[in-house]
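Some notes on the structure that comes next.
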Amino acid sequence: MQVWSLDEVFQDGNQSSQFREHLKHLEIKVSKFEEKLKFFHTPKELNESLKVVEIIEFIIDIRMNLSQANSFITCLLAQNPKDQYATILRGKTTSINARFESAFKKVQKVLVNTNQRLWEGILDTEDLNNYKFILNEWRKKAEMHLSDEEESLVSDLMVDGYHAWGQFYNSLVSSIRVNVQIDGEKNELSVGQAINLRSHPDEEVRKESYRALEDKWNEQEELFAKILNHIAGFRLQVYKKRGLENILKFPLIENHIKEETLNAMWTAISKYKKPFTNYLNQKAKMNGDEKMHSYNFWAPVTKGNQKIKYEDAVEFILEHFSQFGTELESFSRQAFDKGWIEAEDRTNKSTVAFCAGFPLSGESRVFMTYGGTITNVLTLAHELGHAFHNHAMKPVNGLNKQYPLSIAETASTFSEMIILDAAIEKAESTKEKLFLLDEKLKRSVMNFMNIHSRFLFEKKFYEERKEGIVSSSRLNELMQEAIDEGYEGSLDNASIHSWVWTPHYYMTKSPFYNFPYTFGYLFSLSIYAKAKEKGKEFEKDYFDLLRDSGSMSTEDLVMKHLGEDITSEAFWEIGIELCVKDVEEFITLTSS
């Protein structure tokens with residue numbers, strides 16, 4: 001099983017003198033930035049665009065160095081959540097980041113107070129025109145800023161308050177062990193390993209794992225409720241100070257999309273739920289049940305040993321990536337050959353799969369626990385998609401490297417789509433085709449139903465949290481209501497503790513990190529349709545789309561590269577209808 005190498009980033013892991021030197025230089029850079037801002041207080045300083053360029057160059061340099069540091073520490077703590085030295089380094093990096101964010105907000109405040117005519121004149125200069133969209137976004141965000149003193153206080157409090165709660169959540173989940181009986185033997189598993197059993201071919205194992213996890217969450221729900229309430233409470237207090245009544249305003253700005261775009265997407269999805277309830281009912285009937293039990297959702301539809309060796313998964317991914325384009329295949333091969341993947345199945349590691357980008361060295365690292373299932377293969381392809389997006393952004397200059405979460409999930413989901421569709425087309429038997437088609441439909445259900453339920457839960461929870469602490473029992477009720485609405489009552493034995501084990505609710509950097517997945521999924525369907533139409537030559541167009549992903553609104557990006565209006569329900573229905581055809585084929589195959 002492949003274990004990654006971090007030495008190419010910073011040698012000697014958590015004991016790296018090279019990394020400590022990096023942090024030392026980073027502190028010096030932030031100090032110089034703070035000193036520079038002493039002479040940058042009013043719009044008058046903006047009269048010369050060169051001064052703005054100089055400030056932006058500071059920001060770009062610090063951000064890239066911070067990203068390099070944060071990614072390294074994230075990798076250290078993922079491979080060993082009990083790494084105390086890495087935890088200390090994370091605290092140091094978080095403090096440096098807080099100083100930078102406080103200074104950065106001062107820059108944004110100057111921008112927002114600049115006369116519009118002067119501002120437009122500055123943006124039209126040769127040096128800044130390329131950053132026009134991002135700078136205007138900064139100006140928009142600055143309208144929500146507090147005083148310098150208040151912003152500084154909020155940043156300081158976040159270190160040991162807001163962000164600390166999110167970090168505590170990750171440490172807590174990583175430390176939990178679950179006892180699951182498999183083939184008559186008692187196994188002590190991490191949360192990630194227990195969750196991987198949801199696709200085990202034996203229903204008793206799936207059920208046992210489900211019950212063991214639910215029992216564990218039930219034991220700990222009061223503690224998790226406190227963590228979630230404190231994260232949300234802090235966020236809401238800051239929103240209140242900023243005058244943000246609409247809890248979606250900030251995540252929409254962060255994702256570079258309009259609220260009408262988000263509403264159009266969810267409205268289109270809600271109109272097409274029936275085919276997917278039919279799929280769930282059909283699959284339940286195949287198991288001899290009237291209704292789909294949640295612990296059977298990920299179960300394979302065909303019998304037999306579905307274990308896939310890691311080496312076979314690698315070849316499977318590379319083979320199918322090559323059908324899309326040479327760049328994607330060669331990049332992924334490089335990631336495997338250079339040891340950028342951590343996939344070992346062991347207990348003392350984080351449960352969350354991710355891709356970490358290292359902008360200074362132009363590399364990425366993929367982290368996951370590989371358990372030999374098709375779900376694991378798709379997770380590996382998903383994270384490689386993220387890494388490929390980072391690869392595509394390498395030649396992009398400065399501020400335009402930072403793309404929104406709505407687009408961040410596009411390349412990853414697109415990579416999954418390649419694997420599934422190519423495998424379905426290549427299937428040599430009805431049994432094999434049905435197995436892969438089912439895996440594809442699981443993705444549709446997750447995006448149209450599960451993530452919709454996450455969005456509904458989070459929205460209701462935040463509204464209630466405005467009035468005070470939301471109890472664990474009420475969180476369970478809200479989760480059940482959201483699941484019932486999201487799945488239109490088609491899911492039985494749903495995990496009412498989904499709010500506990502879904503890490504996205506606890507991410508302090510990304511509020512409402514749910515809808516970007518559905519956005520990316522449907523967006524990927526449109527891109528994939530174009531790719532099938534154009535063939536391998538489409539890879540260049542795909543690259544261009546990814547490279548533009550940080551320099552314009554998502555609406556403009558889609559219009560430029562796909563010629564589509566994403567504020568219209570019709571755009572989203574195109575992708576959904578493709579998924580409906582998958583349902584029809586699945587029901588035909590299983591009925592016969």
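Labels for the structure tokens follow display order: chains A, B, ..., residues from 1 in each chain, ligands from 1.
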Using only C-alpha atoms, which residues sit within 7 Å of Lys401 (chain A) once same-chain residues fewer than 5 positions away are excluded, as a CSV table (one decimal) with all heavy atoms, in the first residue's frame?
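part.csv written:
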```csv
chain,number,residue,atom,x,y,z
A,393,MET,N,-3.4,25.1,-12.5
A,393,MET,CA,-3.3,26.5,-12.1
A,393,MET,C,-1.8,27.0,-12.0
A,393,MET,O,-1.5,28.1,-11.6
A,393,MET,CB,-4.0,26.7,-10.8
A,393,MET,CG,-5.5,26.5,-10.8
A,393,MET,SD,-6.4,27.6,-11.8
A,393,MET,CE,-6.4,29.1,-10.7
A,396,VAL,N,-0.7,30.2,-13.7
A,396,VAL,CA,-1.6,31.3,-13.4
A,396,VAL,C,-0.9,32.3,-12.4
A,396,VAL,O,-0.3,31.8,-11.4
A,396,VAL,CB,-2.9,30.9,-12.8
A,396,VAL,CG1,-3.8,32.1,-12.4
A,396,VAL,CG2,-3.7,30.1,-13.8
A,550,GLY,N,-10.3,31.2,-11.1
A,550,GLY,CA,-10.1,32.2,-10.0
A,550,GLY,C,-10.2,33.6,-10.4
A,550,GLY,O,-10.1,34.5,-9.6
```
Report task. Please identify all polymer residues within 12 Å of Ile341 (chain A), counting only C-alpha atoms, omitting same-chain residues fewer than 6 positions from it, and present them as a count of residues only. Result -> 31
Query raised in the report: Closest to Ile566 (chain A) among A:Glu481, A:Glu259, A:Glu585, A:Glu533, using only C-alpha atoms?
Result: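 Result for the nearest residue to Ile566 (chain A): A:Glu259.
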Query raised in the report: CA of Ile424 (chain A) and CA of Gly372 (chain A), how far apart in Å?
Result: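 Interatomic distance here is 19.1 Å.
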Query raised in the report: For the atom pair CA of Val238 (chain A) and CA of Ser553 (chain A), what is the interatomic distance in Å to one decimal place?
Result: 25.4 Å
List as a compact mmCIF listing (two decimals) with N, CA, C and O atoms, in the first residue's frame the protein and nucleic acid residues near region 317-319 of chain A, meaning an atom at most 10 Å away when only C-alpha atoms are counted, but skip any in the same chain fewer than 5 places from it.
```
# COMPACT_ATOMS: atom_id res chain seq x y z
N ASP A 312 -4.18 -2.47 -8.66
CA ASP A 312 -5.16 -2.58 -9.74
C ASP A 312 -5.97 -1.29 -9.86
O ASP A 312 -6.34 -0.87 -10.97
N PHE A 324 -9.47 10.25 -21.64
CA PHE A 324 -9.90 11.65 -21.70
C PHE A 324 -8.81 12.53 -22.30
O PHE A 324 -9.06 13.35 -23.17
N LEU A 328 -3.93 14.63 -18.25
CA LEU A 328 -4.50 14.10 -17.00
C LEU A 328 -3.83 12.77 -16.65
O LEU A 328 -3.49 12.52 -15.48
N GLU A 329 -3.64 11.92 -17.64
CA GLU A 329 -3.03 10.60 -17.40
C GLU A 329 -1.57 10.74 -16.96
O GLU A 329 -1.14 10.12 -15.98
N SER A 330 -0.80 11.57 -17.66
CA SER A 330 0.62 11.71 -17.33
C SER A 330 0.82 12.39 -15.98
O SER A 330 1.73 12.02 -15.22
N PHE A 331 -0.04 13.36 -15.65
CA PHE A 331 0.06 14.02 -14.35
C PHE A 331 -0.22 13.02 -13.22
O PHE A 331 0.50 12.97 -12.22
N SER A 332 -1.27 12.23 -13.39
CA SER A 332 -1.65 11.26 -12.36
C SER A 332 -0.58 10.20 -12.18
O SER A 332 -0.26 9.78 -11.06
N ARG A 333 0.01 9.77 -13.27
CA ARG A 333 1.10 8.79 -13.19
C ARG A 333 2.27 9.39 -12.41
O ARG A 333 2.91 8.71 -11.60
N PHE A 336 1.60 9.24 -8.67
CA PHE A 336 1.84 7.90 -8.12
C PHE A 336 3.34 7.59 -8.05
O PHE A 336 3.84 7.10 -7.03
N VAL A 377 -11.76 3.62 -4.72
CA VAL A 377 -11.18 3.93 -6.04
C VAL A 377 -11.69 5.30 -6.51
O VAL A 377 -10.92 6.13 -7.01
N LEU A 378 -12.98 5.53 -6.31
CA LEU A 378 -13.57 6.80 -6.72
C LEU A 378 -13.05 7.96 -5.87
O LEU A 378 -12.85 9.07 -6.37
N LEU A 380 -10.09 8.09 -4.54
CA LEU A 380 -8.74 8.33 -5.04
C LEU A 380 -8.79 9.16 -6.32
O LEU A 380 -8.01 10.12 -6.48
N ALA A 381 -9.70 8.82 -7.23
CA ALA A 381 -9.85 9.58 -8.47
C ALA A 381 -10.30 11.01 -8.17
O ALA A 381 -9.83 11.97 -8.80
N LEU A 384 -7.39 13.02 -6.83
CA LEU A 384 -6.46 13.27 -7.95
C LEU A 384 -6.98 14.39 -8.84
O LEU A 384 -6.20 15.15 -9.43
N SER A 415 -13.31 13.93 -12.50
CA SER A 415 -12.42 12.77 -12.54
C SER A 415 -13.17 11.49 -12.17
O SER A 415 -12.95 10.43 -12.76
N GLU A 416 -14.06 11.59 -11.18
CA GLU A 416 -14.91 10.44 -10.82
C GLU A 416 -15.77 10.03 -12.01
O GLU A 416 -15.95 8.84 -12.29
N ILE A 418 -15.26 10.40 -15.18
CA ILE A 418 -14.46 9.71 -16.20
C ILE A 418 -14.33 8.23 -15.87
O ILE A 418 -14.54 7.36 -16.72
N ILE A 419 -13.99 7.94 -14.62
CA ILE A 419 -13.78 6.56 -14.19
C ILE A 419 -15.06 5.74 -14.32
O ILE A 419 -15.07 4.64 -14.88
N LEU A 420 -16.17 6.30 -13.84
CA LEU A 420 -17.43 5.56 -13.87
C LEU A 420 -17.95 5.35 -15.28
O LEU A 420 -18.31 4.23 -15.67
N ALA A 422 -16.40 5.58 -18.24
CA ALA A 422 -15.53 4.76 -19.08
C ALA A 422 -15.65 3.29 -18.69
O ALA A 422 -15.66 2.40 -19.56
N ALA A 423 -15.76 3.02 -17.39
CA ALA A 423 -15.87 1.63 -16.92
C ALA A 423 -17.21 1.02 -17.33
O ALA A 423 -17.27 -0.16 -17.70
```
